[in-house]
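*Asks:* Provided below: query.cif, containing mmCIF, C-alpha atoms.
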data_model
#
loop_
_atom_site.group_PDB
_atom_site.id
_atom_site.type_symbol
_atom_site.label_atom_id
_atom_site.label_comp_id
_atom_site.auth_asym_id
_atom_site.auth_seq_id
_atom_site.Cartn_x
_atom_site.Cartn_y
_atom_site.Cartn_z
ATOM 1 C CA MET O 15 191.729 -64.718 -184.612
ATOM 2 C CA PRO O 16 189.266 -61.788 -184.530
ATOM 3 C CA ASP O 17 190.423 -58.598 -186.230
ATOM 4 C CA ARG O 18 192.959 -56.950 -183.904
ATOM 5 C CA ARG O 19 191.424 -53.549 -184.615
ATOM 6 C CA LEU O 20 188.102 -54.861 -183.336
ATOM 7 C CA GLU O 21 189.706 -56.239 -180.160
ATOM 8 C CA VAL O 22 191.389 -52.900 -179.443
ATOM 9 C CA PHE O 23 188.164 -51.014 -180.143
ATOM 10 C CA HIS O 24 186.232 -53.352 -177.845
ATOM 11 C CA ALA O 25 188.690 -52.801 -174.974
ATOM 12 C CA ALA O 26 188.535 -49.018 -175.387
ATOM 13 C CA ALA O 27 184.735 -49.047 -175.692
ATOM 14 C CA SER O 28 184.355 -51.259 -172.600
ATOM 15 C CA GLN O 29 186.664 -49.062 -170.510
ATOM 16 C CA MET O 30 185.721 -45.735 -172.121
ATOM 17 C CA SER O 31 189.414 -44.953 -171.947
ATOM 18 C CA PHE O 32 192.216 -45.344 -174.463
ATOM 19 C CA THR O 33 194.732 -45.256 -171.603
ATOM 20 C CA ARG O 34 193.017 -48.057 -169.713
ATOM 21 C CA ALA O 35 192.687 -50.106 -172.909
ATOM 22 C CA ALA O 36 196.423 -49.709 -173.542
ATOM 23 C CA GLU O 37 197.202 -50.963 -170.016
ATOM 24 C CA LEU O 38 194.922 -53.994 -170.388
ATOM 25 C CA LEU O 39 196.272 -54.916 -173.818
ATOM 26 C CA GLN O 40 199.885 -54.129 -172.866
ATOM 27 C CA MET O 41 200.155 -51.668 -175.740
ATOM 28 C CA THR O 42 201.150 -48.032 -175.946
ATOM 29 C CA GLN O 43 198.360 -45.469 -176.075
ATOM 30 C CA PRO O 44 199.443 -44.233 -179.562
ATOM 31 C CA ALA O 45 199.174 -47.844 -180.792
ATOM 32 C CA VAL O 46 195.616 -48.071 -179.439
ATOM 33 C CA THR O 47 194.725 -44.772 -181.085
ATOM 34 C CA PHE O 48 196.219 -45.970 -184.389
ATOM 35 C CA GLN O 49 194.255 -49.265 -184.367
ATOM 36 C CA ILE O 50 190.992 -47.443 -183.663
ATOM 37 C CA LYS O 51 191.723 -44.873 -186.368
ATOM 38 C CA GLN O 52 192.316 -47.747 -188.795
ATOM 39 C CA LEU O 53 188.935 -49.265 -187.880
ATOM 40 C CA GLU O 54 187.201 -45.898 -188.283
ATOM 41 C CA GLU O 55 188.773 -45.516 -191.733
ATOM 42 C CA HIS O 56 187.679 -49.056 -192.635
ATOM 43 C CA PHE O 57 184.040 -48.289 -191.771
ATOM 44 C CA GLY O 58 184.234 -44.713 -193.021
ATOM 45 C CA THR O 59 182.795 -43.233 -189.843
ATOM 46 C CA ARG O 60 183.795 -41.972 -186.425
ATOM 47 C CA LEU O 61 183.284 -44.446 -183.601
ATOM 48 C CA PHE O 62 184.302 -42.198 -180.702
ATOM 49 C CA GLU O 63 183.687 -38.589 -179.781
ATOM 50 C CA ARG O 64 186.711 -37.056 -178.065
ATOM 51 C CA ALA O 65 186.232 -33.953 -175.932
ATOM 52 C CA HIS O 66 187.699 -32.525 -172.709
ATOM 53 C CA GLY O 67 189.952 -35.538 -172.215
ATOM 54 C CA ARG O 68 187.033 -37.997 -172.305
ATOM 55 C CA VAL O 69 185.711 -40.356 -174.958
ATOM 56 C CA THR O 70 182.150 -41.457 -175.679
ATOM 57 C CA LEU O 71 180.733 -43.746 -178.333
ATOM 58 C CA THR O 72 178.956 -42.321 -181.343
ATOM 59 C CA PRO O 73 175.735 -44.052 -182.495
ATOM 60 C CA GLU O 74 177.890 -45.897 -185.025
ATOM 61 C CA GLY O 75 180.321 -46.814 -182.248
ATOM 62 C CA LEU O 76 177.490 -48.255 -180.169
ATOM 63 C CA LYS O 77 176.472 -50.419 -183.131
ATOM 64 C CA VAL O 78 180.053 -51.664 -183.617
ATOM 65 C CA LYS O 79 180.338 -52.333 -179.863
ATOM 66 C CA ASP O 80 177.197 -54.499 -179.996
ATOM 67 C CA TYR O 81 178.573 -56.558 -182.886
ATOM 68 C CA ALA O 82 182.043 -56.737 -181.295
ATOM 69 C CA ASP O 83 180.487 -58.210 -178.132
ATOM 70 C CA ARG O 84 178.875 -60.955 -180.179
ATOM 71 C CA ILE O 85 181.876 -61.620 -182.456
ATOM 72 C CA LEU O 86 184.339 -61.910 -179.569
ATOM 73 C CA ASP O 87 181.910 -64.074 -177.591
ATOM 74 C CA LEU O 88 181.510 -66.417 -180.552
ATOM 75 C CA PHE O 89 185.278 -66.658 -180.955
ATOM 76 C CA ALA O 90 185.671 -67.374 -177.222
ATOM 77 C CA THR O 91 183.043 -70.104 -177.511
ATOM 78 C CA LEU O 92 184.892 -71.609 -180.488
ATOM 79 C CA GLU O 93 188.200 -71.570 -178.572
ATOM 80 C CA ASN O 94 186.465 -73.090 -175.572
ATOM 81 C CA GLU O 95 184.996 -75.998 -177.556
ATOM 82 C CA LEU O 96 188.263 -76.673 -179.398
ATOM 83 C CA GLN O 97 190.227 -76.669 -176.130
ATOM 84 C CA GLU O 98 187.787 -79.137 -174.612
ATOM 85 C CA MET O 99 188.186 -81.368 -177.642
ATOM 86 C CA ALA O 100 191.983 -81.167 -177.470
ATOM 87 C CA SER O 101 192.196 -81.285 -173.643
ATOM 88 C CA ASP O 102 195.193 -78.958 -173.998
ATOM 89 C CA LEU O 103 195.137 -75.539 -172.362
ATOM 90 C CA ARG O 104 197.007 -72.826 -174.222
ATOM 91 C CA GLY O 105 196.877 -69.090 -174.748
ATOM 92 C CA HIS O 106 196.439 -66.049 -172.514
ATOM 93 C CA LEU O 107 194.369 -66.261 -169.325
ATOM 94 C CA LEU O 108 193.159 -62.834 -168.195
ATOM 95 C CA ILE O 109 192.912 -62.783 -164.383
ATOM 96 C CA GLY O 110 191.888 -59.933 -162.089
ATOM 97 C CA ALA O 111 192.628 -59.809 -158.364
ATOM 98 C CA THR O 112 192.538 -57.421 -155.439
ATOM 99 C CA PRO O 113 195.910 -56.262 -154.027
ATOM 100 C CA THR O 114 196.030 -58.610 -151.010
ATOM 101 C CA VAL O 115 194.996 -61.616 -153.094
ATOM 102 C CA ALA O 116 197.469 -60.726 -155.852
ATOM 103 C CA GLU O 117 200.426 -60.196 -153.526
ATOM 104 C CA TYR O 118 199.947 -62.805 -150.817
ATOM 105 C CA HIS O 119 197.588 -65.547 -152.029
ATOM 106 C CA LEU O 120 197.903 -65.849 -155.776
ATOM 107 C CA PRO O 121 201.653 -66.170 -156.601
ATOM 108 C CA PRO O 122 201.991 -69.873 -155.602
ATOM 109 C CA VAL O 123 198.698 -70.675 -157.340
ATOM 110 C CA LEU O 124 199.873 -69.076 -160.587
ATOM 111 C CA ALA O 125 203.235 -70.813 -160.348
ATOM 112 C CA GLU O 126 201.683 -74.256 -159.836
ATOM 113 C CA PHE O 127 199.147 -73.707 -162.616
ATOM 114 C CA ARG O 128 201.873 -72.590 -165.030
ATOM 115 C CA ILE O 129 203.921 -75.714 -164.233
ATOM 116 C CA ALA O 130 200.864 -77.901 -164.859
ATOM 117 C CA HIS O 131 199.932 -76.016 -168.051
ATOM 118 C CA PRO O 132 203.108 -74.567 -169.611
ATOM 119 C CA ASN O 133 201.267 -73.315 -172.702
ATOM 120 C CA VAL O 134 199.060 -70.975 -170.658
ATOM 121 C CA VAL O 135 200.255 -67.383 -170.132
ATOM 122 C CA PRO O 136 198.464 -65.801 -167.131
ATOM 123 C CA ARG O 137 198.040 -62.019 -167.392
ATOM 124 C CA LEU O 138 197.183 -60.416 -164.042
ATOM 125 C CA THR O 139 195.319 -57.136 -163.463
ATOM 126 C CA VAL O 140 195.258 -55.766 -159.896
ATOM 127 C CA ASP O 141 192.562 -53.366 -158.695
ATOM 128 C CA ASN O 142 189.861 -52.959 -156.067
ATOM 129 C CA PRO O 143 186.953 -55.451 -155.894
ATOM 130 C CA GLY O 144 184.433 -53.197 -157.650
ATOM 131 C CA VAL O 145 186.709 -52.553 -160.625
ATOM 132 C CA ILE O 146 187.605 -56.243 -160.957
ATOM 133 C CA GLU O 147 183.921 -57.203 -160.911
ATOM 134 C CA ASP O 148 183.105 -54.576 -163.544
ATOM 135 C CA MET O 149 185.896 -55.881 -165.778
ATOM 136 C CA VAL O 150 184.586 -59.442 -165.431
ATOM 137 C CA ASP O 151 181.095 -58.162 -166.204
ATOM 138 C CA GLU O 152 182.429 -56.444 -169.348
ATOM 139 C CA ARG O 153 184.299 -59.677 -170.252
ATOM 140 C CA VAL O 154 187.603 -57.804 -170.281
ATOM 141 C CA LEU O 155 188.767 -60.459 -167.777
ATOM 142 C CA ASP O 156 188.209 -64.225 -167.910
ATOM 143 C CA ILE O 157 188.053 -64.559 -164.115
ATOM 144 C CA GLY O 158 188.419 -62.453 -160.964
ATOM 145 C CA ILE O 159 189.510 -63.345 -157.433
ATOM 146 C CA VAL O 160 188.502 -60.904 -154.701
ATOM 147 C CA GLU O 161 188.002 -60.561 -150.979
ATOM 148 C CA GLY O 162 184.327 -60.473 -150.105
ATOM 149 C CA LEU O 163 181.481 -61.950 -152.097
ATOM 150 C CA GLY O 164 181.034 -59.213 -154.680
ATOM 151 C CA ARG O 165 177.775 -57.728 -155.869
ATOM 152 C CA GLY O 166 176.956 -60.491 -158.325
ATOM 153 C CA GLY O 167 174.223 -60.091 -160.889
ATOM 154 C CA ALA O 168 172.910 -61.424 -164.156
ATOM 155 C CA GLN O 169 176.278 -61.152 -165.918
ATOM 156 C CA VAL O 170 178.643 -62.109 -163.060
ATOM 157 C CA MET O 171 178.649 -65.388 -161.174
ATOM 158 C CA VAL O 172 180.151 -65.423 -157.670
ATOM 159 C CA GLU O 173 181.604 -68.610 -156.174
ATOM 160 C CA PRO O 174 183.018 -68.501 -152.607
ATOM 161 C CA CYS O 175 186.316 -70.383 -152.595
ATOM 162 C CA ALA O 176 188.313 -69.779 -149.395
ATOM 163 C CA GLU O 177 188.588 -67.893 -146.127
ATOM 164 C CA ASP O 178 191.054 -65.159 -145.211
ATOM 165 C CA GLU O 179 191.480 -64.809 -141.450
ATOM 166 C CA LEU O 180 192.102 -61.341 -140.037
ATOM 167 C CA VAL O 181 194.224 -61.188 -136.884
ATOM 168 C CA VAL O 182 195.753 -58.694 -134.494
ATOM 169 C CA VAL O 183 199.288 -57.938 -135.664
ATOM 170 C CA CYS O 184 201.874 -56.248 -133.466
ATOM 171 C CA ALA O 185 205.516 -56.294 -132.374
ATOM 172 C CA PRO O 186 206.578 -59.180 -130.092
ATOM 173 C CA ASP O 187 206.937 -56.809 -127.106
ATOM 174 C CA PHE O 188 203.584 -55.051 -127.632
ATOM 175 C CA PRO O 189 201.120 -55.677 -124.733
ATOM 176 C CA LEU O 190 198.595 -57.546 -126.915
ATOM 177 C CA ALA O 191 201.293 -60.037 -127.981
ATOM 178 C CA ARG O 192 201.112 -61.654 -124.542
ATOM 179 C CA LEU O 193 197.456 -62.671 -124.970
ATOM 180 C CA ASP O 194 196.198 -65.995 -126.317
ATOM 181 C CA ALA O 195 193.323 -64.186 -128.041
ATOM 182 C CA VAL O 196 192.132 -60.594 -128.339
ATOM 183 C CA THR O 197 188.529 -59.535 -127.677
ATOM 184 C CA PRO O 198 186.819 -56.418 -129.049
ATOM 185 C CA GLU O 199 187.213 -54.771 -125.636
ATOM 186 C CA HIS O 200 191.004 -55.278 -125.741
ATOM 187 C CA LEU O 201 191.143 -53.337 -129.006
ATOM 188 C CA LEU O 202 189.998 -50.165 -127.219
ATOM 189 C CA GLN O 203 192.896 -50.232 -124.766
ATOM 190 C CA HIS O 204 195.810 -49.717 -127.187
ATOM 191 C CA PRO O 205 196.664 -47.487 -130.168
ATOM 192 C CA CYS O 206 195.620 -48.856 -133.555
ATOM 193 C CA ALA O 207 197.162 -48.346 -136.988
ATOM 194 C CA GLY O 208 194.723 -48.589 -139.875
ATOM 195 C CA ARG O 209 194.524 -48.220 -143.617
ATOM 196 C CA ASP O 210 192.814 -44.994 -144.666
ATOM 197 C CA ALA O 211 190.264 -46.933 -146.721
ATOM 198 C CA GLY O 212 189.311 -50.403 -147.783
ATOM 199 C CA SER O 213 187.271 -53.456 -146.965
ATOM 200 C CA VAL O 214 189.182 -54.312 -143.742
ATOM 201 C CA ARG O 215 188.043 -51.105 -142.060
ATOM 202 C CA ALA O 216 184.384 -51.728 -142.915
ATOM 203 C CA LEU O 217 184.704 -55.336 -141.762
ATOM 204 C CA LEU O 218 186.335 -54.268 -138.481
ATOM 205 C CA GLU O 219 183.663 -51.660 -137.770
ATOM 206 C CA ASP O 220 180.948 -54.256 -138.308
ATOM 207 C CA TYR O 221 182.853 -56.738 -136.119
ATOM 208 C CA LEU O 222 183.109 -54.230 -133.257
ATOM 209 C CA SER O 223 179.452 -53.266 -133.533
ATOM 210 C CA ARG O 224 178.383 -56.909 -133.380
ATOM 211 C CA GLY O 225 180.592 -57.292 -130.289
ATOM 212 C CA GLY O 226 178.831 -54.423 -128.528
ATOM 213 C CA VAL O 227 181.722 -51.975 -128.998
ATOM 214 C CA ASP O 228 181.322 -48.534 -130.544
ATOM 215 C CA PRO O 229 183.739 -48.365 -133.545
ATOM 216 C CA ALA O 230 184.107 -44.616 -132.966
ATOM 217 C CA LYS O 231 185.929 -45.370 -129.683
ATOM 218 C CA LEU O 232 188.716 -47.285 -131.414
ATOM 219 C CA PRO O 233 191.940 -45.383 -130.561
ATOM 220 C CA LEU O 234 193.155 -44.825 -134.119
ATOM 221 C CA ALA O 235 196.712 -43.495 -133.830
ATOM 222 C CA PHE O 236 197.755 -43.843 -137.494
ATOM 223 C CA GLU O 237 195.905 -43.783 -140.824
ATOM 224 C CA LEU O 238 198.223 -44.962 -143.566
ATOM 225 C CA ASP O 239 197.611 -45.677 -147.242
ATOM 226 C CA ARG O 240 200.203 -48.433 -147.738
ATOM 227 C CA LEU O 241 200.515 -51.804 -146.082
ATOM 228 C CA SER O 242 204.296 -51.417 -145.954
ATOM 229 C CA SER O 243 203.844 -48.226 -143.915
ATOM 230 C CA VAL O 244 201.498 -50.011 -141.505
ATOM 231 C CA LYS O 245 204.044 -52.798 -141.029
ATOM 232 C CA GLY O 246 206.782 -50.235 -140.336
ATOM 233 C CA VAL O 247 204.730 -48.673 -137.547
ATOM 234 C CA LEU O 248 203.942 -52.089 -136.067
ATOM 235 C CA GLU O 249 207.571 -53.242 -136.087
ATOM 236 C CA ARG O 250 208.487 -50.192 -133.987
ATOM 237 C CA GLY O 251 205.919 -51.161 -131.364
ATOM 238 C CA LEU O 252 203.862 -48.017 -131.805
ATOM 239 C CA ALA O 253 200.480 -49.665 -132.414
ATOM 240 C CA TYR O 254 198.662 -52.813 -133.471
ATOM 241 C CA ALA O 255 196.689 -53.422 -136.669
ATOM 242 C CA ILE O 256 194.066 -55.820 -137.971
ATOM 243 C CA LEU O 257 195.509 -57.521 -141.038
ATOM 244 C CA SER O 258 195.216 -60.662 -143.107
ATOM 245 C CA ARG O 259 197.319 -63.425 -141.586
ATOM 246 C CA ALA O 260 198.608 -64.164 -145.093
ATOM 247 C CA ALA O 261 199.991 -60.617 -145.422
ATOM 248 C CA ILE O 262 202.474 -60.987 -142.554
ATOM 249 C CA ARG O 263 203.819 -64.523 -143.013
ATOM 250 C CA HIS O 264 207.264 -63.222 -143.956
ATOM 251 C CA GLU O 265 207.508 -60.839 -140.977
ATOM 252 C CA ILE O 266 206.383 -63.596 -138.597
ATOM 253 C CA SER O 267 209.035 -65.952 -139.961
ATOM 254 C CA LEU O 268 211.686 -63.294 -139.238
ATOM 255 C CA GLY O 269 210.334 -62.637 -135.732
ATOM 256 C CA LEU O 270 209.526 -59.005 -136.555
ATOM 257 C CA LEU O 271 205.786 -59.311 -135.929
ATOM 258 C CA VAL O 272 203.388 -61.679 -134.219
ATOM 259 C CA ALA O 273 199.785 -62.598 -135.011
ATOM 260 C CA VAL O 274 197.214 -63.009 -132.244
ATOM 261 C CA PRO O 275 193.773 -64.418 -133.145
ATOM 262 C CA LEU O 276 190.639 -62.473 -132.403
ATOM 263 C CA ARG O 277 187.922 -63.940 -130.223
ATOM 264 C CA PRO O 278 185.457 -64.388 -131.790
ATOM 265 C CA ARG O 279 187.325 -64.989 -135.064
ATOM 266 C CA LEU O 280 187.163 -62.413 -137.806
ATOM 267 C CA VAL O 281 187.083 -64.006 -141.244
ATOM 268 C CA ARG O 282 186.361 -62.625 -144.674
ATOM 269 C CA HIS O 283 185.666 -64.806 -147.686
ATOM 270 C CA MET O 284 187.446 -64.877 -150.994
ATOM 271 C CA ALA O 285 185.428 -65.508 -154.116
ATOM 272 C CA LEU O 286 185.881 -66.322 -157.769
ATOM 273 C CA LEU O 287 184.078 -64.050 -160.226
ATOM 274 C CA TYR O 288 183.152 -65.392 -163.650
ATOM 275 C CA PRO O 289 181.261 -63.938 -166.562
ATOM 276 C CA SER O 290 177.837 -65.555 -166.836
ATOM 277 C CA GLU O 291 177.819 -69.308 -167.502
ATOM 278 C CA ARG O 292 177.302 -68.799 -171.219
ATOM 279 C CA PHE O 293 180.656 -67.033 -171.576
ATOM 280 C CA ARG O 294 182.837 -68.991 -169.158
ATOM 281 C CA THR O 295 185.789 -70.351 -171.094
ATOM 282 C CA TYR O 296 187.134 -73.834 -170.579
ATOM 283 C CA MET O 297 190.487 -72.391 -169.494
ATOM 284 C CA ALA O 298 188.842 -70.081 -166.928
ATOM 285 C CA LYS O 299 186.804 -72.995 -165.601
ATOM 286 C CA GLN O 300 189.913 -75.158 -165.215
ATOM 287 C CA PHE O 301 191.884 -72.370 -163.555
ATOM 288 C CA GLY O 302 188.969 -71.539 -161.238
ATOM 289 C CA GLU O 303 188.744 -75.106 -159.993
ATOM 290 C CA PHE O 304 192.526 -75.261 -159.578
ATOM 291 C CA ALA O 305 192.710 -71.909 -157.743
ATOM 292 C CA SER O 306 189.735 -72.690 -155.513
ATOM 293 C CA ALA O 307 191.351 -75.927 -154.293
ATOM 294 C CA ARG O 308 194.740 -74.279 -153.685
ATOM 295 C CA LEU O 309 193.304 -71.224 -151.923
ATOM 296 C CA ALA O 310 191.118 -73.379 -149.705
ATOM 297 C CA ARG O 311 194.198 -75.436 -148.794
ATOM 298 C CA GLN O 312 196.119 -72.255 -147.935
ATOM 299 C CA SER O 313 193.338 -71.127 -145.598
ATOM 300 C CA GLY O 314 193.079 -74.532 -143.934
ATOM 301 C CA ARG O 315 189.553 -75.282 -145.171
#
For this file, write the structure as structure tokens.

*Replies:*
Amino acid sequence: MPDRRLEVFHAAASQMSFTRAAELLQMTQPAVTFQIKQLEEHFGTRLFERAHGRVTLTPEGLKVKDYADRILDLFATLENELQEMASDLRGHLLIGATPTVAEYHLPPVLAEFRIAHPNVVPRLTVDNPGVIEDMVDERVLDIGIVEGLGRGGAQVMVEPCAEDELVVVCAPDFPLARLDAVTPEHLLQHPCAGRDAGSVRALLEDYLSRGGVDPAKLPLAFELDRLSSVKGVLERGLAYAILSRAAIRHEISLGLLVAVPLRPRLVRHMALLYPSERFRTYMAKQFGEFASARLARQSGR
């Protein structure tokens, strides 16, 4: 195994945060600080400058970061080749996902993969798509699964894997529940509950614009920051919302909410994010293929 002090340093240097490094490594912040102090004492030099609650790398720290990148990549390559030779997956798999994917799409995939490969320990990080992509780019994560198709680039490979259909969600006695399908024009006739930020809003605004409807005319009655709050408003019949069909399966099964398709359909893609081909581990490749097949099956593709 690579020197633990080097792994801790690399996480802190990649995130530029001891707190974030502690979260990723499932350590306490004092433990991270101790490991880095030990490495600084080993090399006899300071690797970080600490001022005003922020950390930056010293010139010596930048040099150590460059070597740490290469050392950890070489070790990952060694693990990859040995796993391929043994055909036995084992060890930690570092996965990143966006909140909707993590809560509603990924749990059965992780469960099935763990049953198939009991020696693999998935470790899940949940954040917004940009953060997940950055963490894949920095090779803090082995693989990411996000809504949308990401930015991509020289260090991140993007592979579309499934669709996530967005539908009109409302209480069974809400006027839109009586329709077979909802058009953009229908959306202007009833109060809407929306998240105060996020990819769904941008997607909906683009959808309305393409349908010849001014997004500014959408009668937004509620702006809420939690999906649970949105569902609470919908269950009381106060508004409708545009949500992932996967996010309301439980409420539909209980008869609390109904889903009405949009016409035309509104679909966003889910994608796998890998570090560049050179650094893709055998375990990440196997999990990516497994997850892609299961997610596509969930979406009906």

*Asks:* So the first atom is CA of Ser306 (chain O) and the second is CA of Ile159 (chain O); what is the distance between them in Å, to one decimal place?

*Replies:*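 Here the two named atoms are 9.5 Å from each other.
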
*Asks:* Would you kindly translate the PyMOL selection byres ((chain O and resi 50-67) around 9) into the concrete residues it picks from this file, as a list of chain:residue names?

*Replies:* O:Arg19, O:Leu20, O:Val22, O:Phe23, O:Ala26, O:Ala27, O:Ala45, O:Val46, O:Thr47, O:Phe48, O:Gln49, O:Arg68, O:Val69, O:Thr70, O:Leu71, O:Thr72, O:Pro73, O:Glu74, O:Gly75, O:Leu76, O:Val78

*Asks:* If we count only C-alpha atoms, what is near Leu309 (chain O) at a cut-off of 10 Å, once residues fewer than 4 positions away on the same chain are taken out, given as an MDAnalysis selection string?

*Replies:* chainID O and resid 115 119:120 122:123 175:178 284:285 304:305 313:315

*Asks:* One decimal, Å: what's the distance from CA of Ile109 (chain O) over to CA of Met30 (chain O), could you say?

*Replies:*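 Separation of CA of Ile109 (chain O) and CA of Met30 (chain O): 20.1 Å.
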
*Asks:* Excluding same-chain residues fewer than 4 positions from Gly251 (chain O), what lies within 7 Å of it counting only C-alpha atoms, as a ChimeraX atom specification?

*Replies:* /O:184-185,188,247

*Asks:* List the residues selected by the PyMOL selection byres ((chain O and resi 191) around 12) in the file shown, writing them as a list in words.

*Replies:*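 Checking the PyMOL selection byres ((chain O and resi 191) around 12) against this file, the residues are Val181, Val182, Val183, Cys184, Ala185, Pro186, Asp187, Phe188, Pro189, Leu190, Arg192, Leu193, Asp194, Ala195, Val196, His200, His204, Leu248, Gly251, Ala253, Tyr254, Ala255, Leu270, Leu271, Val272, Ala273, Val274, Pro275 and Leu276 of chain O.
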
*Asks:* Could you tell me how far CA of Phe301 (chain O) sits from CA of Gly158 (chain O), in Å to one decimal place?

*Replies:* 10.8 Å

*Asks:* For each of O:Ala130, O:Leu286, O:Pro44, O:Met297, take the minimum atom-to-atom distance to Glu173 (chain O), counting all atoms listed in the file, then give the residue where this is smallest.

*Replies:*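 Among the listed residues, O:Leu286 lies closest to Glu173 (chain O).
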
*Asks:* Need to verify the contact set: region 135-152 of chain O, 9 Å, all atoms listed in the file, exclusion of same-chain residues closer than 4 positions in sequence. Can you return it as a PyMOL selection string?

*Replies:* chain O and resi 28-29+38+104-113+115-116+124+128+131+156-162+164-167+169-170+212+287-290

*Asks:* Of the residues O:Ala298, O:Val244, O:Ile256, O:Ala125, which is the one nearest to Ala216 (chain O), using only C-alpha atoms?

*Replies:* O:Ile256
